[in-house]
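*Asks:* Below is one structure. I have some questions about it.
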Amino acid sequence: MSTLLRRTAPTFRLKSCWAFYSTRYLNTRAVSGTPTGLYGFDQLKTPKGFQRFVDEAIERSTELVDYIAEMPSSMEIIRTMDEISDTVCSVVDSAELCRQTHPDNEFVNEANKASMRINEYLHYLNTNHTLYDAVKKAEKDAHLLSREAHRAANHLRIDFEKGGIHLCPEKLEQVNQLNIDIFQLCREFGQNIINDPGHVDIFPASRIPKHIHHLLKPIHRLTSGASRESVRLWNNVKEKGFRIITEHRTLHSVLQWTSDDEVRKLVYVQGNSVPRANHEVLDKLIAARHELAQMMGYRSYADFMVKPNMASSPEVVMSFLLEMNKMIKPKADEEFKAIQDFKRKICGQRYIDLEPWDEAYYTAMMKSSTYNLDSSVVASYFPLQQCIEGLKVIVESLFGATFHNVPLAPGESWHPDVLKFSLCHPEEGDMGYLYLDLYSRAGKYPGCANFAIKGGRRISETEYQLPVVALVCNFSGSHNSSTVRLNHCEVETLFHEFGHALHSLLSRTDYQHFSGTRVVLDFAETPSNLFEYFAWDYQVLRRFAKHYSTGEIIPEKLVKSLQGARDMFAATELQRQIFYALVDQTLFGEQPYPTGDTGSIVANLKRQYTSWNHVDGTHWQIRFSHLINYGAGYYSYLYAKCFASSIWQKLCQEDPLSLATGTALRTKLLQHGGAKEPAHMLKDLVGDGILSYSNGGIIPDITSFSDEMKLVEDKARAAVLVAE
């Protein structure tokens, strides 16, 4: 990742945000009715404005580079470096959000060009010896710096060196070219997933459940045996079917709800075999990342990426993953057998096999029958507008802050569905701004994510630049519809992304380099995983989950059923996540396997570490975008699950909406962003037992997570059975 755009940097303690009551907050609230540009940037009133945005960022950054060349004080060097980073990040982050969400192709195309231009300029900055020498000078002047400034200097110097600035010119040029190649391969991998999601045509239409017809494209064909003359009477002989586009959301719905075994198989195989172009892209990416790492003196890309994280080495990561897999295997095998027995009972065949395309269908049936769950009944308690109110309830209860709807200025928004809120505290005033873009539409980023637009940073003793973020989801409907209701999985996803957003909005670091989610990778998902728990707790749900027509509060019995259904196959889901992380570590680890052999690696790992078969001919890895975004870092989700479980049980569970709980979360964790070591923050929050040290790295304590999944009592029961 580019030095000046680094999102993962720990540092030491900064002053409490409450130490600056006289602070004047700089915000991006556009004056209502006054025209502006996208996200409040005046430069972005038109697509071509991205050119001006880049020009001005380069011009301003060049002035700042010249200023640093004069070798001002060490504090000024670090402050100016952060202003360069902020200036460039504003372009990079705005272009990325525009590329992923804007419905106007002209805006998207200009954002693409801006992204490429600013990345080229970044290569100049990241290989600039004037900046590198100034940062080294500042780092040596530790006694002249605040602790956060010194940590910033230290990590900037390390990042410059990770970019190869200390290499000879010839090797540095090779490293720069590899970084450019990797950037382009990552973008190509993601674009291929969008361009080629795959499809399956199914006839007749009756093979597909009616309640998911709206997700599919109706198609027609001639019925078999139709004569040439009858073709003219098309309406009398055509047969209706459906084209199933095998993108993630539709794929999951078809697998979960379709009783036809053949349809499920066809959809599963196709959905896990595209885009075929990514076979070559992934091979090239693995090779390029491996070459880059070795040029930088590391054994593998995993070694290169994990080194700055809490884990510190792939060996620590693999040890953690294998230990978790060993712990979970008995329960996962037990769940597999239960699903298999259920299928055999339903099908009336004693020896029928359980296949991967069966999992979603039969587990949904088992959950529904065991807990008498009806997805439409559950969704009736989660109108989207009520869920947004739930987010407001959490913020007000925990932090004493409120979200206020802010009118969007002309030109500020990118779609009519977009809403804007300010987070306001009664004593501190505006704390940041949140855009919500929650509804699905053609051409939009297909998943759910939190996008940074501006990081928070201290401008002076009396001025603070407020953070601005966008929370992007893909729920069905539009903001003009009052009937949009979420299933509980979508509620959990909304709360997860909101955890990321709050991490940014509540951050009060001196430097935007450390703002919010700009932390080490294996800590970044902890706040978001923690906020998932709020979506499951009845003390929270009863405050906002109300029936869309009657206003009835969600019954506690229904919430307990949801919790029971969640836990039924928790080991299977955890085993899958461990498998994903093992694939990620292996593909980007040391390279003993021949190029083009990723398929056999994935197949072998699945057979070895899960209870399920690998389906020959499928290539799940070619559409696993986390290999791009989280290369060698997917294990971070499992670290986060363990950390979040400990925090929830030790701090939040008893009274999840108390101001005392929120104050602890904010002052000991969220407000520091990446400006303190994660281990220090975690231990300060809940005590030493949350983590341990192993082979030079940090691993989460798994006790709380094990208790949550009831693995301890299952293990004891298994031991008794063995003894008998």
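In the structure tokens, the first chain shown is A, the next is B, and so on; residue numbers restart at 1 for each chain, and ligands run from 1 in the order shown.
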Identify all residues of stretch 321-511 of chain A in strand (DSSP E) (DSSP on the backbone) and supply them as a ChimeraX atom specification.

*Replies:* /A:402-405,419-425,429-439,449-454,457-460,463-465,468-475

*Asks:* Since we have the selection now, will you write its residues out, keeping N, CA and C atoms, as a short mmCIF file (atom, residue, chain, number, x, y, z; two decimals), in the first residue's frame?

*Replies:*
```cif
data_model
loop_
_atom_site.label_atom_id
_atom_site.label_comp_id
_atom_site.auth_asym_id
_atom_site.auth_seq_id
_atom_site.Cartn_x
_atom_site.Cartn_y
_atom_site.Cartn_z
N THR A 402 -26.08 12.63 18.84
CA THR A 402 -27.26 12.42 18.00
C THR A 402 -26.91 12.61 16.53
N PHE A 403 -27.64 11.89 15.67
CA PHE A 403 -27.53 12.08 14.23
C PHE A 403 -28.64 13.02 13.77
N HIS A 404 -28.26 14.05 13.03
CA HIS A 404 -29.23 14.98 12.47
C HIS A 404 -29.18 14.90 10.95
N ASN A 405 -30.35 14.85 10.33
CA ASN A 405 -30.41 14.85 8.87
C ASN A 405 -29.96 16.21 8.35
N LEU A 419 -28.61 9.90 1.55
CA LEU A 419 -28.94 10.75 2.68
C LEU A 419 -27.65 11.22 3.35
N LYS A 420 -27.72 12.35 4.07
CA LYS A 420 -26.55 12.84 4.79
C LYS A 420 -26.93 13.18 6.23
N PHE A 421 -26.07 12.76 7.16
CA PHE A 421 -26.29 13.03 8.57
C PHE A 421 -25.05 13.67 9.18
N SER A 422 -25.28 14.53 10.16
CA SER A 422 -24.18 15.02 10.98
C SER A 422 -24.28 14.34 12.34
N LEU A 423 -23.13 13.96 12.89
CA LEU A 423 -23.08 13.41 14.24
C LEU A 423 -22.77 14.58 15.17
N CYS A 424 -23.66 14.84 16.11
CA CYS A 424 -23.55 16.04 16.94
C CYS A 424 -23.56 15.67 18.42
N HIS A 425 -22.66 16.28 19.18
CA HIS A 425 -22.57 16.07 20.62
C HIS A 425 -22.99 17.37 21.31
N GLY A 429 -20.30 19.74 19.88
CA GLY A 429 -20.79 20.18 18.58
C GLY A 429 -20.70 19.08 17.53
N ASP A 430 -20.61 19.48 16.25
CA ASP A 430 -20.53 18.51 15.16
C ASP A 430 -19.24 17.71 15.27
N MET A 431 -19.37 16.38 15.09
CA MET A 431 -18.22 15.48 15.24
C MET A 431 -17.81 14.84 13.92
N GLY A 432 -18.68 14.90 12.92
CA GLY A 432 -18.37 14.30 11.64
C GLY A 432 -19.63 14.14 10.81
N TYR A 433 -19.44 13.66 9.58
CA TYR A 433 -20.56 13.55 8.64
C TYR A 433 -20.60 12.17 8.02
N LEU A 434 -21.85 11.68 7.86
CA LEU A 434 -22.08 10.33 7.34
C LEU A 434 -23.06 10.39 6.18
N TYR A 435 -22.63 9.90 5.01
CA TYR A 435 -23.53 9.70 3.89
C TYR A 435 -24.04 8.25 3.93
N LEU A 436 -25.32 8.07 3.66
CA LEU A 436 -25.90 6.73 3.54
C LEU A 436 -26.35 6.52 2.10
N ASP A 437 -25.83 5.47 1.47
CA ASP A 437 -26.24 5.07 0.12
C ASP A 437 -26.58 3.58 0.23
N LEU A 438 -27.83 3.28 0.55
CA LEU A 438 -28.18 1.95 1.05
C LEU A 438 -28.87 1.02 0.06
N TYR A 439 -29.28 1.54 -1.11
CA TYR A 439 -30.13 0.74 -1.98
C TYR A 439 -29.39 0.24 -3.22
N ALA A 449 -20.00 -1.67 2.27
CA ALA A 449 -18.67 -1.19 2.66
C ALA A 449 -18.77 0.21 3.25
N ASN A 450 -17.74 0.58 3.99
CA ASN A 450 -17.59 1.92 4.53
C ASN A 450 -16.46 2.61 3.77
N PHE A 451 -16.75 3.74 3.14
CA PHE A 451 -15.76 4.48 2.35
C PHE A 451 -15.36 5.75 3.09
N ALA A 452 -14.07 5.94 3.28
CA ALA A 452 -13.57 7.20 3.83
C ALA A 452 -13.61 8.26 2.74
N ILE A 453 -13.96 9.48 3.10
CA ILE A 453 -13.90 10.62 2.19
C ILE A 453 -12.88 11.63 2.72
N LYS A 454 -12.96 11.88 4.01
CA LYS A 454 -11.96 12.74 4.66
C LYS A 454 -11.67 12.19 6.05
N ARG A 457 -8.29 15.30 11.47
CA ARG A 457 -6.92 15.70 11.83
C ARG A 457 -6.94 17.07 12.50
N ARG A 458 -5.95 17.30 13.34
CA ARG A 458 -5.84 18.57 14.02
C ARG A 458 -5.13 19.57 13.11
N ILE A 459 -5.78 20.68 12.81
CA ILE A 459 -5.20 21.73 11.99
C ILE A 459 -4.33 22.65 12.84
N SER A 460 -4.84 22.96 14.04
CA SER A 460 -4.11 23.83 14.97
C SER A 460 -4.67 23.54 16.35
N GLU A 463 -8.41 24.31 15.84
CA GLU A 463 -9.14 23.87 14.65
C GLU A 463 -8.96 22.37 14.44
N TYR A 464 -10.07 21.71 14.10
CA TYR A 464 -10.02 20.28 13.83
C TYR A 464 -10.83 19.96 12.57
N GLN A 465 -10.22 19.24 11.65
CA GLN A 465 -10.91 18.82 10.42
C GLN A 465 -11.77 17.60 10.73
N VAL A 468 -15.34 12.55 7.38
CA VAL A 468 -16.50 12.36 6.51
C VAL A 468 -16.41 10.96 5.91
N VAL A 469 -17.49 10.17 6.04
CA VAL A 469 -17.49 8.81 5.52
C VAL A 469 -18.80 8.53 4.80
N ALA A 470 -18.79 7.48 3.99
CA ALA A 470 -20.01 7.03 3.29
C ALA A 470 -20.22 5.56 3.59
N LEU A 471 -21.43 5.23 4.04
CA LEU A 471 -21.79 3.84 4.30
C LEU A 471 -22.62 3.36 3.12
N VAL A 472 -22.11 2.36 2.43
CA VAL A 472 -22.72 1.89 1.18
C VAL A 472 -23.23 0.46 1.35
N CYS A 473 -24.51 0.25 1.05
CA CYS A 473 -25.08 -1.11 1.08
C CYS A 473 -25.86 -1.35 -0.21
N ASN A 474 -26.49 -2.52 -0.31
CA ASN A 474 -27.23 -2.88 -1.52
C ASN A 474 -28.55 -3.55 -1.17
N PHE A 475 -29.38 -2.83 -0.41
CA PHE A 475 -30.68 -3.36 -0.04
C PHE A 475 -31.68 -3.12 -1.18
#
```

*Asks:* List as a ChimeraX atom specification the protein and nucleic acid residues near A:Arg543, meaning an atom at most 10 Å away when only C-alpha atoms are counted, but skip any in the same chain fewer than 2 places from it.

*Replies:* /A:386,389-390,393-394,538-541,545-546,553-554

*Asks:* Please dump the current selection as a compact mmCIF listing (two decimals), in the first residue's frame; keep N, CA, C and O atoms.

*Replies:*
```
# COMPACT_ATOMS: atom_id res chain seq x y z
N GLN A 386 -36.68 2.03 10.44
CA GLN A 386 -36.58 1.72 11.87
C GLN A 386 -35.17 1.27 12.24
O GLN A 386 -34.67 1.56 13.33
N GLU A 389 -33.15 4.22 12.70
CA GLU A 389 -33.46 4.76 14.02
C GLU A 389 -32.71 3.98 15.10
O GLU A 389 -32.28 4.55 16.11
N GLY A 390 -32.55 2.67 14.88
CA GLY A 390 -31.80 1.86 15.83
C GLY A 390 -30.35 2.30 15.95
O GLY A 390 -29.78 2.32 17.05
N VAL A 393 -30.34 5.29 18.10
CA VAL A 393 -30.54 4.94 19.51
C VAL A 393 -29.22 4.52 20.14
O VAL A 393 -28.87 4.93 21.26
N ILE A 394 -28.44 3.70 19.42
CA ILE A 394 -27.16 3.23 19.93
C ILE A 394 -26.21 4.39 20.19
O ILE A 394 -25.58 4.50 21.25
N TYR A 538 -31.43 -8.49 22.72
CA TYR A 538 -32.82 -8.05 22.86
C TYR A 538 -32.94 -6.70 23.55
O TYR A 538 -33.84 -5.91 23.25
N GLN A 539 -32.02 -6.40 24.48
CA GLN A 539 -32.06 -5.10 25.15
C GLN A 539 -31.93 -3.96 24.14
O GLN A 539 -32.46 -2.87 24.37
N VAL A 540 -31.23 -4.22 23.04
CA VAL A 540 -31.07 -3.22 21.98
C VAL A 540 -32.23 -3.29 21.00
O VAL A 540 -32.84 -2.27 20.65
N LEU A 541 -32.56 -4.50 20.57
CA LEU A 541 -33.58 -4.67 19.53
C LEU A 541 -34.94 -4.13 19.95
O LEU A 541 -35.68 -3.57 19.13
N ALA A 545 -36.78 -2.32 16.94
CA ALA A 545 -37.35 -3.33 16.04
C ALA A 545 -38.85 -3.43 16.29
O ALA A 545 -39.31 -4.09 17.23
N LYS A 546 -39.63 -2.77 15.43
CA LYS A 546 -41.08 -2.70 15.60
C LYS A 546 -41.78 -3.08 14.30
O LYS A 546 -41.30 -2.75 13.21
N ILE A 553 -43.51 -4.20 19.31
CA ILE A 553 -42.10 -4.46 19.55
C ILE A 553 -41.80 -5.93 19.27
O ILE A 553 -42.61 -6.80 19.60
N ILE A 554 -40.68 -6.21 18.69
CA ILE A 554 -40.33 -7.58 18.36
C ILE A 554 -40.38 -8.46 19.61
O ILE A 554 -39.84 -8.10 20.66
```

*Asks:* Can you list, as a list in words, every protein, DNA or RNA residue that comes within 10 Å of A:Phe304 when you count only C-alpha atoms, leaving out same-chain residues fewer than 3 positions away?

*Replies:*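 In the requested format, the answer is Lys162, Arg289, His290, Leu292, Ala293, Gln294, Met296, Gly297, Tyr298, Arg299, Ser300, Tyr301, Lys307, Pro308, Ser312, Ser313, Pro314, Phe588, Gly589 and Ala632 of chain A.
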
*Asks:* Those residues with C-alpha atoms, as a PDB file, in the first residue's frame please?

*Replies:*
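Output saved as selection_2.pdb:
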```
ATOM      1  CA  LYS A 162       8.677  -0.792   2.561  1.00  0.00           C
ATOM      2  CA  ARG A 289       3.374  -9.863  -5.071  1.00  0.00           C
ATOM      3  CA  HIS A 290       5.855 -12.654  -4.379  1.00  0.00           C
ATOM      4  CA  LEU A 292       7.911  -7.652  -4.774  1.00  0.00           C
ATOM      5  CA  ALA A 293       8.247  -9.232  -1.335  1.00  0.00           C
ATOM      6  CA  GLN A 294      11.468 -11.008  -2.217  1.00  0.00           C
ATOM      7  CA  MET A 296      12.196  -6.194  -0.322  1.00  0.00           C
ATOM      8  CA  GLY A 297      14.022  -8.955   1.555  1.00  0.00           C
ATOM      9  CA  TYR A 298      11.022 -11.026   2.673  1.00  0.00           C
ATOM     10  CA  ARG A 299      10.425 -14.730   2.097  1.00  0.00           C
ATOM     11  CA  SER A 300       6.873 -14.239   0.846  1.00  0.00           C
ATOM     12  CA  TYR A 301       4.144 -11.670   0.352  1.00  0.00           C
ATOM     13  CA  LYS A 307       5.108  -8.167   9.632  1.00  0.00           C
ATOM     14  CA  PRO A 308       3.653  -4.766  10.717  1.00  0.00           C
ATOM     15  CA  SER A 312       3.904 -10.152  13.082  1.00  0.00           C
ATOM     16  CA  SER A 313       4.564 -13.347  11.082  1.00  0.00           C
ATOM     17  CA  PRO A 314       2.771 -15.936   8.911  1.00  0.00           C
ATOM     18  CA  PHE A 588       0.481 -15.563  -0.760  1.00  0.00           C
ATOM     19  CA  GLY A 589       2.913 -17.630   1.283  1.00  0.00           C
ATOM     20  CA  ALA A 632      -2.509 -12.325   3.269  1.00  0.00           C
TER      21      ALA A 632
END
```

*Asks:* Could you pull out the residues in stretch 277-513 of chain A that DSSP calls alpha helix (DSSP H) from the backbone, as a ChimeraX atom specification?

*Replies:* /A:278-295,301-306,314-347,359-371,375-379,384-399,488-505
